[in-house]
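**Student:** Got a structure for you, questions after.
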Protein chains: 2
Amino acid sequence: MNKKELAALAKSEEISLSALENGIKTNRIVVVKNPRGKKPLAIGEGCFVKINANIGTSPHRANIKEEMAKLKTNLPLGSVPIYSAAVEVTEKYNDVRKMSPETLWEKIEEEAAGGVSFVTVHTGVSEKIVRGLQKGTRLINIVSRGGSILACWMLANKKENPLLADFSRLLKLAKKYKLCLSLGDGLRPGTIADSTDCFQLEELFTLGQQAKEARKAGVSVIIEGPGHIPLHQIEMNVKLAKTVCDGAPLYLLGPLVTDIAPGYDHIVAAIGGAIAGMAGADFLCYVTPAEHLSLPTPEDVKEGVYASRIAAHAIDLSRGKKSAWRQDWLLSSARNKRNWPEQKKLSLNPDKFPKRKEKEEDCCSMCGDFCSMRFSESISKK
Amino acid sequence: MNKKELAALAKSEEISLSALENGIKTNRIVVVKNPRGKKPLAIGEGCFVKINANIGTSPHRANIKEEMAKLKTNLPLGSVPIYSAAVEVTEKYNDVRKMSPETLWEKIEEEAAGGVSFVTVHTGVSEKIVRGLQKGTRLINIVSRGGSILACWMLANKKENPLLADFSRLLKLAKKYKLCLSLGDGLRPGTIADSTDCFQLEELFTLGQQAKEARKAGVSVIIEGPGHIPLHQIEMNVKLAKTVCDGAPLYLLGPLVTDIAPGYDHIVAAIGGAIAGMAGADFLCYVTPAEHLSLPTPEDVKEGVYASRIAAHAIDLSRGKKSAWRQDWLLSSARNKRNWPEQKKLSLNPDKFPKRKEKEEDCCSMCGDFCSMRFSESISKK
C-alpha cells in the first residue's frame, strides 16, 4: 500500500496515520484485501471492530445457490484449507485419516493463489495436547472441525500436526502470497465446563510463540480465540491472549456465555463479543441462531450478522469512535422529534419498522397519548 | 416469614440462611410475594438474578385479552400507580397536569391494598431537576413516562413532586401494606448521548438518601437504574448506584448499549444487562424487540423474556451458582453424545429445535459427516 492508500485507511478507521503504520509494522494491525484487490480492511488495535460471517455447505445440506446468496459482498475473504483437504481425502479414501500432509499444503497454496485474504490454520493443535485429551478431563474434547480432523489424523498416523511441525514452511507460503495467517483455536472450549482449561491455554501459548516467529518473518497473523467462556472469564482470556501474542489482532469465536440457549446463540455470542471487545478483541465471528442446531438459512445468517454488528457497534462507542457516537446521536435526535422516516433510515435494519398509521405519527402504540417524548418536549418549551 | 420459609428461600437461592437474614435486615435483599401470597421471591445480593416483564395497554392499542395472555403467571406483581392516576385524570379533564396529588396517593394505596408486591414511584424527580432540564443540555429530556408526567405536572402547578415532598407519607403507606417501593429512575438517559449526566446522577443521589430513610423506617426498597448507557460506563454506574444506595437491590432497565438497533433492543439490553449483572445488578427489566417501535405482541414479549433470561443465567454462571453450572453441564453432555431429545429437553426454549431427519441423528446439518463431536469422541476411545 502506498502512503495515499494508508492515509485513506487511517482516516476511515479514525486513527492517525502513524498509529496505523506502527500497528502494521508490529502486527498489532493486520490489513486484508478482498480477492479483487479492492477496498482494504484494517483489523486490530484502535480500529473499528470487524465482523466475520461464514458460508459453506455440508454433506447433509449443500445448496450452492443458497450459499452464493449469502456471499453478496465485496469484502475480504478467508478460507479454511483443512476443510477442502478433508473433503478431497474423504471422497477418495472415505477416511480423513488417510490424508497426506502434502494434500493439506497443496490446498493452502491453492487457496492462497486463488486470492483469499486470510486462511485459518490450526497450528497449535499438538500431538501432546491430543494425547492429553485422552486422559478424559474435558467434557467435550474438540469442537473445532479443523482441530478434530487434525487430531484424528495425528493419532492414526502417530505424527505431529504438519502445520506445527513445519511452521516455517507455512510462513514461506504466506510470505509468497502475501497471505495473512489466522491461527485457529482448535482447542477452544466447546462448553462452559471446559473454559480456560490447560488444553486451551497450551494451544494459546503455542500460537503466541508462532505469532512471534511470524512477525520476525514479516508475515501478518490473527489469533483466533475461544469459544464457550463464562462472563467473568472473558476479560482475563482476552488480555491473556493479547499479552502472549504481543498484541496481535484477536478474532473471537463468540465467546458464548452459556450453553443452554440453542436458537438464541446469536444473542449469547453478542453478549460475549461485547465484553471481549471491551477487553480488546478486534474481530468478531458472527454466530447465527442456528448454531448447535443446523446449517443456517440466509435468514439465520442475517440475524447473526445483525447481532454481531450490534456488539461491534457497542464496542466502537465504548472506544469513543466519533462516527459511531454520531450515528446514535442522529437516531436519538430523530426519535426525540418522533420523526419515524428518519429513525427508520438511520437504524441498523430499517425493515424492522412497522407500517405506521396516521394517528401514530406523533407518538407510537407503546404509550399512545402518554408519550414521554411529547411530554418532555413541552418542558423545553416553557 | 417464619424460619422454615426463610430456610427454604435461602436454599432455593443457594445462599446461607444467615446471608439471607442479614441481607433482608440491611435491605441488600428484598423479598416480594405474589398477590395470592404464594412463593416468595428474593431479589438482591448473592441471589439468582431476577427478571421482570411488563404488560399493559395503551390508548392506541388496548387488547385486554392479549395482555391477559401475557399474564399467565403466579409470580410477584409490580405496578406503576402514576399510570392509573394519569389515565383517570386524563379521562376526566383531558389534561394530566390537572391531577390532584390526592389522586396519586389514592392510586398508590388502592394498588397496595389490591395486593401488588411492589410499586414504582418516581420519588427522585425534583422541581430543581426539571428546571435544570430547561437549560437544554439533554438530547432527550425524559423518556420515563411516569417521570415525564410528574415533570409536566410540577411545571404547570409550580409545585414539588408530591412523592418527594412527602416521602414520609409514602413510607407510612408502604409500612401499612408491607409494600416494597421500587424507586423509579424518571431521569434515566434515553440516549447514549445523555448517559451519566448531572440529571441522572442528581436523581440517583436523591434515591440514595431516600433508601437510607426507608431502611430506617423498616421499608424495603429497590433502586431502578438506567437506561441508555454505553458499554464502558455500565460497571461504574452499577457500582455508583450500589454504593450511594447502601447496597439496595438494583433493578436495571436495560441498560441499552446503543440507540441504533430498533427491532433488536432485546439483544441490545441483554448485552447491557449481562455487564450490569457482572458489576452487581440484581434484577433485569426485560426489553422486547418492539421497544422504540410499538406495543409488543405476545411473541415479542416471549423473545424479550428469553433474551433477559439468557443474560440472567450468564450472570448466575459468573457468580458460581451451582444449579446454573449444572444446567450447562447437562446440556453440553447431551450435545457431546449427539443426544438430540435430551438437548431439546434441557434447553432454554425447546421449540427452537428443528425436526430431525434420521440421518442427522448422530450429527447435524451443520457439519454432516465432518462432525467434530464424533471425531473427538474417537480421541477418547484410543
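All residue names refer to the C-alpha cells as shown: chains lettered A, B, ... in order, residues numbered from 1 in each chain, ligands numbered from 1 in order.
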Name all residues at most 7 Å from segment 143-156 of chain B (count only C-alpha atoms; drop same-chain ones fewer than 5 positions away) and give them as a list in words.
**Tutor:** Phe370, Cys371, Ser372, Met373, Phe375, Ser376 and Ile379 of chain A; Ile82, Tyr83, Arg97, His122, Val125, Glu127, Val130, Asn161, Gly186, Leu187 and Gly190 of chain B
**Student:** Take the residues from that selection and put them in a file with N, CA, C and O atoms, as a CSV table (one decimal), in the first residue's frame.
**Tutor:**
```
chain,number,residue,atom,x,y,z
A,370,PHE,N,-49.8,9.1,26.0
A,370,PHE,CA,-48.9,9.3,27.2
A,370,PHE,C,-47.5,9.2,26.7
A,370,PHE,O,-46.7,8.6,27.3
A,371,CYS,N,-47.2,9.9,25.7
A,371,CYS,CA,-45.8,9.8,25.1
A,371,CYS,C,-44.9,10.7,25.9
A,371,CYS,O,-45.0,11.9,26.0
A,372,SER,N,-43.8,10.1,26.4
A,372,SER,CA,-42.9,10.8,27.3
A,372,SER,C,-42.1,11.8,26.4
A,372,SER,O,-41.8,12.9,26.9
A,373,MET,N,-41.9,11.5,25.2
A,373,MET,CA,-41.2,12.4,24.3
A,373,MET,C,-41.9,13.7,24.1
A,373,MET,O,-41.4,14.8,24.2
A,375,PHE,N,-44.4,14.8,26.1
A,375,PHE,CA,-44.5,15.5,27.4
A,375,PHE,C,-43.2,16.3,27.7
A,375,PHE,O,-43.2,17.4,28.1
A,376,SER,N,-42.1,15.5,27.5
A,376,SER,CA,-40.8,16.2,27.9
A,376,SER,C,-40.4,17.3,26.9
A,376,SER,O,-39.6,18.2,27.2
A,379,ILE,N,-41.5,20.5,28.3
A,379,ILE,CA,-40.6,21.0,29.3
A,379,ILE,C,-39.7,22.1,28.7
A,379,ILE,O,-39.6,23.2,29.2
B,82,ILE,N,-48.7,5.9,39.1
B,82,ILE,CA,-48.9,7.2,38.4
B,82,ILE,C,-49.6,6.9,37.0
B,82,ILE,O,-50.3,7.8,36.5
B,83,TYR,N,-49.4,5.7,36.5
B,83,TYR,CA,-50.1,5.5,35.2
B,83,TYR,C,-51.6,5.5,35.4
B,83,TYR,O,-52.3,6.1,34.6
B,97,ARG,N,-52.0,17.5,33.7
B,97,ARG,CA,-51.5,18.5,34.7
B,97,ARG,C,-52.5,18.9,35.7
B,97,ARG,O,-52.2,19.5,36.7
B,122,HIS,N,-41.7,7.4,41.3
B,122,HIS,CA,-40.6,8.3,40.8
B,122,HIS,C,-40.3,9.4,41.8
B,122,HIS,O,-40.6,10.6,41.6
B,125,VAL,N,-37.6,12.6,41.0
B,125,VAL,CA,-37.8,13.7,40.0
B,125,VAL,C,-38.2,15.0,40.7
B,125,VAL,O,-39.3,15.1,41.2
B,127,GLU,N,-38.3,19.3,41.3
B,127,GLU,CA,-38.6,20.5,40.6
B,127,GLU,C,-37.2,21.1,40.1
B,127,GLU,O,-37.1,21.6,39.0
B,130,VAL,N,-36.1,19.4,37.0
B,130,VAL,CA,-36.9,19.7,35.9
B,130,VAL,C,-36.6,21.1,35.3
B,130,VAL,O,-36.5,21.3,34.1
B,161,ASN,N,-42.6,17.7,43.4
B,161,ASN,CA,-43.2,16.3,43.2
B,161,ASN,C,-43.7,15.8,44.6
B,161,ASN,O,-42.9,15.8,45.6
B,186,GLY,N,-36.8,8.3,36.9
B,186,GLY,CA,-37.5,9.2,35.9
B,186,GLY,C,-36.5,9.9,35.0
B,186,GLY,O,-36.9,10.4,34.0
B,187,LEU,N,-35.3,10.1,35.5
B,187,LEU,CA,-34.3,10.8,34.7
B,187,LEU,C,-33.3,9.9,34.0
B,187,LEU,O,-32.3,10.4,33.6
B,190,GLY,N,-32.2,8.5,28.0
B,190,GLY,CA,-32.9,7.8,26.9
B,190,GLY,C,-32.1,7.7,25.6
B,190,GLY,O,-32.7,7.4,24.6
```
**Student:** What are the nearest atom pairs, with distances in Å to one decimal, for all residues of chain B that come at most 6 Å from chain A, using only C-alpha atoms, set out by chain and rising residue number as CSV?
**Tutor:**
```
residue,atom,partner,partner_atom,distance
B:Ser58,CA,A:Cys367,CA,5.4
B:Pro59,CA,A:Gly368,CA,5.1
B:His60,CA,A:Gly368,CA,5.1
B:Arg61,CA,A:Ser365,CA,5.9
B:Gln134,CA,A:Ser380,CA,5.0
B:Ile140,CA,A:Asn336,CA,5.9
B:Asn141,CA,A:Ser376,CA,5.6
B:Ile142,CA,A:Ser376,CA,5.5
B:Val143,CA,A:Ser372,CA,5.3
B:Arg145,CA,A:Ser372,CA,4.9
B:Ser148,CA,A:Ser372,CA,5.4
B:Leu231,CA,A:Ser318,CA,5.6
B:His232,CA,A:Ser318,CA,5.3
B:Val257,CA,A:Ala314,CA,5.8
B:Thr258,CA,A:Ala314,CA,5.9
B:Asp259,CA,A:Asp328,CA,5.2
B:Ile260,CA,A:Ser347,CA,5.0
B:Ala261,CA,A:Leu348,CA,5.2
B:Gly263,CA,A:Lys352,CA,5.3
B:Ile267,CA,A:Ile267,CA,5.9
B:Ile271,CA,A:Ile271,CA,4.5
B:Ser294,CA,A:Met366,CA,4.8
B:Leu295,CA,A:Met366,CA,4.2
B:Ala314,CA,A:Val257,CA,5.8
B:Ser318,CA,A:His232,CA,5.3
B:Asp328,CA,A:Asp259,CA,5.2
B:Asn336,CA,A:Ile140,CA,5.9
B:Ser347,CA,A:Ile260,CA,5.0
B:Leu348,CA,A:Ala261,CA,5.2
B:Lys352,CA,A:Gly263,CA,5.3
B:Cys364,CA,A:Ser294,CA,5.8
B:Ser365,CA,A:Ser294,CA,4.8
B:Met366,CA,A:Leu295,CA,4.1
B:Cys367,CA,A:Ser58,CA,5.4
B:Gly368,CA,A:His60,CA,5.1
B:Ser372,CA,A:Arg145,CA,4.9
B:Phe375,CA,A:Ser148,CA,5.8
B:Ser376,CA,A:Ile142,CA,5.4
B:Ser380,CA,A:Gln134,CA,5.0
```
**Student:** Using Å and a single decimal, report how far atom CA of Lys242 of chain A sits from atom CA of Pro226 of chain A.
**Tutor:**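 A separation of 12.8 Å between them.
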**Student:** Just list the residues in segment 207-362 of chain B DSSP gives helix (DSSP H, G or I) on the backbone, as number ranges by chain.
**Tutor:** B: 207-217, 231-244, 265-279, 298-318, 322-336, 340-346, 350-352, 358-360
**Student:** So, counting only C-alpha atoms, which residue among A:Asn74, A:Asn237, A:Asn339, A:Ser84 is closest to Lys33 of chain A?
**Tutor:**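 Once distances to Lys33 of chain A are computed over only C-alpha atoms, the minimum belongs to A:Asn74.
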**Student:** Considering only C-alpha atoms, return as a short mmCIF file (atom, residue, chain, number, x, y, z; two decimals) with N, CA and C atoms, in the first residue's frame whatever protein or nucleic-acid residues lie within 12 Å of Ser16 of chain B, sequence-local ones (same chain, fewer than 6 positions apart) excluded.
**Tutor:**
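Now in selection12.cif:
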```cif
data_model
loop_
_atom_site.label_atom_id
_atom_site.label_comp_id
_atom_site.auth_asym_id
_atom_site.auth_seq_id
_atom_site.Cartn_x
_atom_site.Cartn_y
_atom_site.Cartn_z
N LEU B 6 -37.92 -19.03 55.49
CA LEU B 6 -36.65 -18.37 55.18
C LEU B 6 -35.59 -19.38 54.76
N ALA B 7 -35.54 -20.50 55.47
CA ALA B 7 -34.55 -21.53 55.16
C ALA B 7 -34.79 -22.10 53.76
N ALA B 8 -36.07 -22.30 53.43
CA ALA B 8 -36.40 -22.81 52.10
C ALA B 8 -36.00 -21.81 51.02
N LEU B 9 -36.24 -20.53 51.32
CA LEU B 9 -35.90 -19.48 50.36
C LEU B 9 -34.38 -19.40 50.17
N ALA B 10 -33.65 -19.46 51.30
CA ALA B 10 -32.18 -19.43 51.24
C ALA B 10 -31.67 -20.59 50.40
N ASN B 22 -29.45 -11.58 57.04
CA ASN B 22 -28.69 -10.33 57.12
C ASN B 22 -29.00 -9.41 55.95
N GLY B 23 -29.15 -10.02 54.76
CA GLY B 23 -29.48 -9.24 53.56
C GLY B 23 -30.81 -8.53 53.70
N GLU B 45 -28.43 -9.07 46.73
CA GLU B 45 -27.05 -9.55 46.86
C GLU B 45 -26.95 -11.07 47.03
N GLY B 46 -26.22 -11.70 46.13
CA GLY B 46 -25.95 -13.13 46.26
C GLY B 46 -27.04 -14.03 45.71
N CYS B 47 -28.22 -13.46 45.45
CA CYS B 47 -29.34 -14.27 44.94
C CYS B 47 -29.21 -14.49 43.44
#
```
**Student:** I want to know what sits within 6 Å of Gly304 of chain B, based on only C-alpha atoms, with residues of the same chain fewer than 5 positions away left out; could you give that as a PDB file with N, CA and C atoms, in the first residue's frame?
**Tutor:**
```
ATOM      1  N   HIS B 266     -33.966  -6.147  22.352  1.00  0.00           N
ATOM      2  CA  HIS B 266     -33.839  -7.239  23.328  1.00  0.00           C
ATOM      3  C   HIS B 266     -32.387  -7.722  23.386  1.00  0.00           C
ATOM      4  N   TYR B 286     -36.962  -6.820  31.389  1.00  0.00           N
ATOM      5  CA  TYR B 286     -36.845  -7.268  30.004  1.00  0.00           C
ATOM      6  C   TYR B 286     -37.086  -6.105  29.060  1.00  0.00           C
ATOM      7  N   VAL B 287     -36.557  -6.231  27.888  1.00  0.00           N
ATOM      8  CA  VAL B 287     -36.824  -5.291  26.805  1.00  0.00           C
ATOM      9  C   VAL B 287     -37.219  -6.156  25.622  1.00  0.00           C
ATOM     10  N   THR B 288     -38.275  -5.778  24.918  1.00  0.00           N
ATOM     11  CA  THR B 288     -38.722  -6.619  23.800  1.00  0.00           C
ATOM     12  C   THR B 288     -38.160  -6.082  22.479  1.00  0.00           C
TER      13      THR B 288
END
```
**Student:** What's around Leu181 of chain A at 12 Å? Count only C-alpha atoms, leave out sequence neighbours fewer than 3 positions away in its own chain, and write the answer as an mmCIF file with N, CA, C and O atoms, in the first residue's frame.
**Tutor:**
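Generated output (around38.cif):
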```cif
data_model
loop_
_atom_site.group_PDB
_atom_site.id
_atom_site.type_symbol
_atom_site.label_atom_id
_atom_site.label_comp_id
_atom_site.auth_asym_id
_atom_site.auth_seq_id
_atom_site.Cartn_x
_atom_site.Cartn_y
_atom_site.Cartn_z
ATOM 1 N N ASN A 27 2.503 -5.825 13.785
ATOM 2 C CA ASN A 27 1.440 -6.846 13.697
ATOM 3 C C ASN A 27 0.327 -6.650 14.718
ATOM 4 O O ASN A 27 -0.377 -7.584 15.065
ATOM 5 N N VAL A 30 -3.629 -5.713 11.215
ATOM 6 C CA VAL A 30 -3.449 -6.503 10.001
ATOM 7 C C VAL A 30 -4.354 -5.898 8.939
ATOM 8 O O VAL A 30 -5.489 -5.521 9.234
ATOM 9 N N VAL A 31 -3.837 -5.765 7.720
ATOM 10 C CA VAL A 31 -4.665 -5.233 6.633
ATOM 11 C C VAL A 31 -4.984 -6.366 5.670
ATOM 12 O O VAL A 31 -4.079 -7.054 5.186
ATOM 13 N N VAL A 32 -6.271 -6.597 5.441
ATOM 14 C CA VAL A 32 -6.669 -7.634 4.481
ATOM 15 C C VAL A 32 -7.456 -6.981 3.345
ATOM 16 O O VAL A 32 -8.153 -5.996 3.541
ATOM 17 N N GLY A 78 -11.883 -15.117 3.852
ATOM 18 C CA GLY A 78 -10.985 -16.080 4.468
ATOM 19 C C GLY A 78 -11.426 -17.484 4.097
ATOM 20 O O GLY A 78 -12.564 -17.696 3.673
ATOM 21 N N SER A 79 -10.529 -18.450 4.232
ATOM 22 C CA SER A 79 -10.929 -19.839 3.985
ATOM 23 C C SER A 79 -10.260 -20.750 5.003
ATOM 24 O O SER A 79 -9.392 -20.323 5.757
ATOM 25 N N VAL A 80 -10.707 -22.003 5.031
ATOM 26 C CA VAL A 80 -10.139 -22.983 5.958
ATOM 27 C C VAL A 80 -9.693 -24.180 5.121
ATOM 28 O O VAL A 80 -10.474 -25.109 4.895
ATOM 29 N N PRO A 81 -8.429 -24.167 4.642
ATOM 30 C CA PRO A 81 -7.961 -25.191 3.691
ATOM 31 C C PRO A 81 -8.102 -26.629 4.192
ATOM 32 O O PRO A 81 -8.306 -27.538 3.382
ATOM 33 N N ILE A 108 -3.657 -25.304 0.890
ATOM 34 C CA ILE A 108 -3.322 -23.967 1.397
ATOM 35 C C ILE A 108 -2.788 -23.111 0.250
ATOM 36 O O ILE A 108 -3.235 -21.983 0.030
ATOM 37 N N ALA A 112 -4.518 -19.826 -1.372
ATOM 38 C CA ALA A 112 -3.736 -18.582 -1.334
ATOM 39 C C ALA A 112 -3.595 -18.023 -2.746
ATOM 40 O O ALA A 112 -3.831 -16.833 -2.991
ATOM 41 N N VAL A 116 -7.538 -15.740 -1.618
ATOM 42 C CA VAL A 116 -8.163 -15.453 -0.320
ATOM 43 C C VAL A 116 -7.272 -14.498 0.478
ATOM 44 O O VAL A 116 -6.054 -14.430 0.268
ATOM 45 N N SER A 117 -7.885 -13.743 1.368
ATOM 46 C CA SER A 117 -7.143 -12.737 2.137
ATOM 47 C C SER A 117 -6.472 -13.347 3.359
ATOM 48 O O SER A 117 -5.428 -12.909 3.797
ATOM 49 N N PHE A 118 -7.135 -14.327 3.935
ATOM 50 C CA PHE A 118 -6.539 -14.998 5.091
ATOM 51 C C PHE A 118 -7.013 -16.445 5.140
ATOM 52 O O PHE A 118 -8.075 -16.775 4.608
ATOM 53 N N VAL A 119 -6.187 -17.303 5.721
ATOM 54 C CA VAL A 119 -6.586 -18.703 5.901
ATOM 55 C C VAL A 119 -6.520 -19.051 7.381
ATOM 56 O O VAL A 119 -5.645 -18.579 8.099
ATOM 57 N N THR A 120 -7.499 -19.850 7.803
ATOM 58 C CA THR A 120 -7.438 -20.365 9.169
ATOM 59 C C THR A 120 -6.610 -21.637 9.155
ATOM 60 O O THR A 120 -6.887 -22.564 8.387
ATOM 61 N N VAL A 121 -5.569 -21.655 9.977
ATOM 62 C CA VAL A 121 -4.686 -22.826 10.073
ATOM 63 C C VAL A 121 -4.547 -23.177 11.548
ATOM 64 O O VAL A 121 -4.197 -22.327 12.366
ATOM 65 N N HIS A 122 -4.844 -24.432 11.866
ATOM 66 C CA HIS A 122 -4.831 -24.850 13.278
ATOM 67 C C HIS A 122 -3.427 -25.290 13.668
ATOM 68 O O HIS A 122 -3.149 -26.468 13.847
ATOM 69 N N THR A 123 -2.559 -24.317 13.832
ATOM 70 C CA THR A 123 -1.133 -24.596 14.030
ATOM 71 C C THR A 123 -0.778 -24.937 15.477
ATOM 72 O O THR A 123 0.364 -25.285 15.761
ATOM 73 N N LEU A 163 1.317 -28.697 10.272
ATOM 74 C CA LEU A 163 1.338 -27.230 10.276
ATOM 75 C C LEU A 163 2.157 -26.697 11.448
ATOM 76 O O LEU A 163 2.704 -25.590 11.394
ATOM 77 N N PHE A 167 6.100 -25.220 10.676
ATOM 78 C CA PHE A 167 5.522 -23.879 10.683
ATOM 79 C C PHE A 167 6.278 -22.936 9.744
ATOM 80 O O PHE A 167 5.692 -22.044 9.134
ATOM 81 N N LEU A 170 4.941 -22.941 6.347
ATOM 82 C CA LEU A 170 3.713 -22.147 6.298
ATOM 83 C C LEU A 170 4.046 -20.660 6.157
ATOM 84 O O LEU A 170 3.415 -19.934 5.382
ATOM 85 N N LEU A 171 5.056 -20.240 6.905
ATOM 86 C CA LEU A 171 5.467 -18.832 6.831
ATOM 87 C C LEU A 171 5.974 -18.484 5.433
ATOM 88 O O LEU A 171 5.662 -17.411 4.901
ATOM 89 N N LYS A 172 6.715 -19.408 4.840
ATOM 90 C CA LYS A 172 7.237 -19.152 3.481
ATOM 91 C C LYS A 172 6.102 -19.008 2.481
ATOM 92 O O LYS A 172 6.101 -18.115 1.639
ATOM 93 N N LEU A 173 5.119 -19.912 2.603
ATOM 94 C CA LEU A 173 3.944 -19.848 1.737
ATOM 95 C C LEU A 173 3.201 -18.514 1.908
ATOM 96 O O LEU A 173 2.815 -17.867 0.937
ATOM 97 N N ALA A 174 3.006 -18.144 3.168
ATOM 98 C CA ALA A 174 2.277 -16.906 3.470
ATOM 99 C C ALA A 174 3.019 -15.702 2.893
ATOM 100 O O ALA A 174 2.417 -14.781 2.330
ATOM 101 N N LYS A 175 4.315 -15.746 3.041
ATOM 102 C CA LYS A 175 5.176 -14.661 2.534
ATOM 103 C C LYS A 175 5.007 -14.545 1.010
ATOM 104 O O LYS A 175 4.823 -13.457 0.473
ATOM 105 N N TYR A 177 2.575 -15.448 -0.963
ATOM 106 C CA TYR A 177 1.274 -14.985 -1.459
ATOM 107 C C TYR A 177 0.732 -13.780 -0.697
ATOM 108 O O TYR A 177 -0.428 -13.422 -0.855
ATOM 109 N N LYS A 178 1.568 -13.165 0.138
ATOM 110 C CA LYS A 178 1.103 -12.055 0.987
ATOM 111 C C LYS A 178 -0.182 -12.437 1.717
ATOM 112 O O LYS A 178 -1.165 -11.693 1.758
ATOM 113 N N GLY A 184 -5.772 -20.723 14.116
ATOM 114 C CA GLY A 184 -7.051 -21.238 14.628
ATOM 115 C C GLY A 184 -6.968 -21.819 16.020
ATOM 116 O O GLY A 184 -5.928 -22.340 16.424
ATOM 117 N N LEU A 207 0.414 -20.643 19.973
ATOM 118 C CA LEU A 207 0.076 -19.604 18.985
ATOM 119 C C LEU A 207 0.874 -18.328 19.269
ATOM 120 O O LEU A 207 1.314 -17.630 18.346
ATOM 121 N N GLN A 210 4.260 -18.783 17.876
ATOM 122 C CA GLN A 210 4.202 -18.720 16.409
ATOM 123 C C GLN A 210 3.972 -17.286 15.928
ATOM 124 O O GLN A 210 4.492 -16.888 14.882
ATOM 125 N N ALA A 211 3.200 -16.518 16.700
ATOM 126 C CA ALA A 211 2.969 -15.116 16.326
ATOM 127 C C ALA A 211 4.298 -14.356 16.314
ATOM 128 O O ALA A 211 4.543 -13.526 15.436
ATOM 129 N N ALA A 214 6.214 -15.397 13.235
ATOM 130 C CA ALA A 214 5.608 -14.800 12.040
ATOM 131 C C ALA A 214 6.020 -13.338 11.903
ATOM 132 O O ALA A 214 6.377 -12.870 10.821
ATOM 133 N N ARG A 215 5.977 -12.646 13.014
ATOM 134 C CA ARG A 215 6.331 -11.223 12.993
ATOM 135 C C ARG A 215 7.772 -11.048 12.531
ATOM 136 O O ARG A 215 8.078 -10.171 11.722
ATOM 137 N N GLY A 218 7.976 -11.369 8.938
ATOM 138 C CA GLY A 218 7.214 -10.387 8.168
ATOM 139 C C GLY A 218 5.882 -10.909 7.656
ATOM 140 O O GLY A 218 5.366 -10.450 6.639
ATOM 141 N N VAL A 219 5.329 -11.899 8.344
ATOM 142 C CA VAL A 219 4.019 -12.449 7.963
ATOM 143 C C VAL A 219 2.979 -11.967 8.976
ATOM 144 O O VAL A 219 3.207 -12.045 10.185
ATOM 145 N N SER A 220 1.866 -11.475 8.479
ATOM 146 C CA SER A 220 0.857 -10.977 9.420
ATOM 147 C C SER A 220 -0.028 -12.122 9.916
ATOM 148 O O SER A 220 -0.372 -13.034 9.162
ATOM 149 N N VAL A 221 -0.320 -12.065 11.198
ATOM 150 C CA VAL A 221 -1.158 -13.113 11.794
ATOM 151 C C VAL A 221 -2.309 -12.521 12.603
ATOM 152 O O VAL A 221 -2.207 -11.422 13.159
ATOM 153 N N ILE A 222 -3.373 -13.283 12.644
ATOM 154 C CA ILE A 222 -4.518 -13.009 13.515
ATOM 155 C C ILE A 222 -4.610 -14.202 14.459
ATOM 156 O O ILE A 222 -4.332 -15.335 14.057
ATOM 157 N N ILE A 223 -4.969 -13.946 15.701
ATOM 158 C CA ILE A 223 -5.117 -15.035 16.663
ATOM 159 C C ILE A 223 -6.603 -15.321 16.869
ATOM 160 O O ILE A 223 -7.368 -14.403 17.162
ATOM 161 N N GLU A 224 -7.001 -16.591 16.726
ATOM 162 C CA GLU A 224 -8.399 -16.929 16.982
ATOM 163 C C GLU A 224 -8.574 -17.323 18.448
ATOM 164 O O GLU A 224 -7.715 -17.980 19.028
ATOM 165 N N ALA A 248 -1.242 -9.055 18.872
ATOM 166 C CA ALA A 248 -1.778 -9.406 17.546
ATOM 167 C C ALA A 248 -3.303 -9.296 17.562
ATOM 168 O O ALA A 248 -3.933 -9.503 18.599
ATOM 169 N N PRO A 249 -3.893 -8.963 16.404
ATOM 170 C CA PRO A 249 -5.354 -8.848 16.340
ATOM 171 C C PRO A 249 -6.019 -10.137 16.826
ATOM 172 O O PRO A 249 -5.590 -11.232 16.467
ATOM 173 N N TYR A 251 -9.314 -12.499 17.127
ATOM 174 C CA TYR A 251 -10.532 -12.855 16.381
ATOM 175 C C TYR A 251 -11.332 -13.819 17.251
ATOM 176 O O TYR A 251 -10.927 -14.945 17.473
#
```
**Student:** What is the atom CA of Glu67 of chain B to atom CA of Ile55 of chain B distance in Å?
**Tutor:**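 Rounded to one decimal, the two atoms are 6.1 Å apart.
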**Student:** Can you measure atom CA of Asn34 of chain A to atom CA of Glu110 of chain A for me? One decimal in Å is fine.
**Tutor:** 16.3 Å
**Student:** So which bits of segment 253-364 of chain A end up strand (DSSP E or B) when you DSSP the backbone, as a list of chain:residue names?
**Tutor:**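 The strand (DSSP E or B) residues within segment 253-364 of chain A come out as A:Leu253, A:Leu256, A:Phe283, A:Leu284, A:Cys285.
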**Student:** May I have the residues from that selection written out with N, CA and C atoms, as a PDB file, in the first residue's frame?
**Tutor:**
```pdb
ATOM      1  N   LEU A 253     -14.388 -16.245  18.432  1.00  0.00           N
ATOM      2  CA  LEU A 253     -15.498 -17.097  18.011  1.00  0.00           C
ATOM      3  C   LEU A 253     -16.498 -17.105  19.151  1.00  0.00           C
ATOM      4  N   LEU A 256     -19.274 -17.597  23.678  1.00  0.00           N
ATOM      5  CA  LEU A 256     -20.630 -17.921  24.123  1.00  0.00           C
ATOM      6  C   LEU A 256     -20.637 -18.006  25.644  1.00  0.00           C
ATOM      7  N   PHE A 283     -12.051  -8.473  16.331  1.00  0.00           N
ATOM      8  CA  PHE A 283     -12.690  -9.098  15.180  1.00  0.00           C
ATOM      9  C   PHE A 283     -13.648 -10.145  15.760  1.00  0.00           C
ATOM     10  N   LEU A 284     -14.922 -10.058  15.389  1.00  0.00           N
ATOM     11  CA  LEU A 284     -15.907 -10.988  15.946  1.00  0.00           C
ATOM     12  C   LEU A 284     -16.440 -11.908  14.862  1.00  0.00           C
ATOM     13  N   CYS A 285     -16.405 -13.196  15.123  1.00  0.00           N
ATOM     14  CA  CYS A 285     -17.046 -14.133  14.211  1.00  0.00           C
ATOM     15  C   CYS A 285     -18.518 -14.179  14.580  1.00  0.00           C
TER      16      CYS A 285
END
```
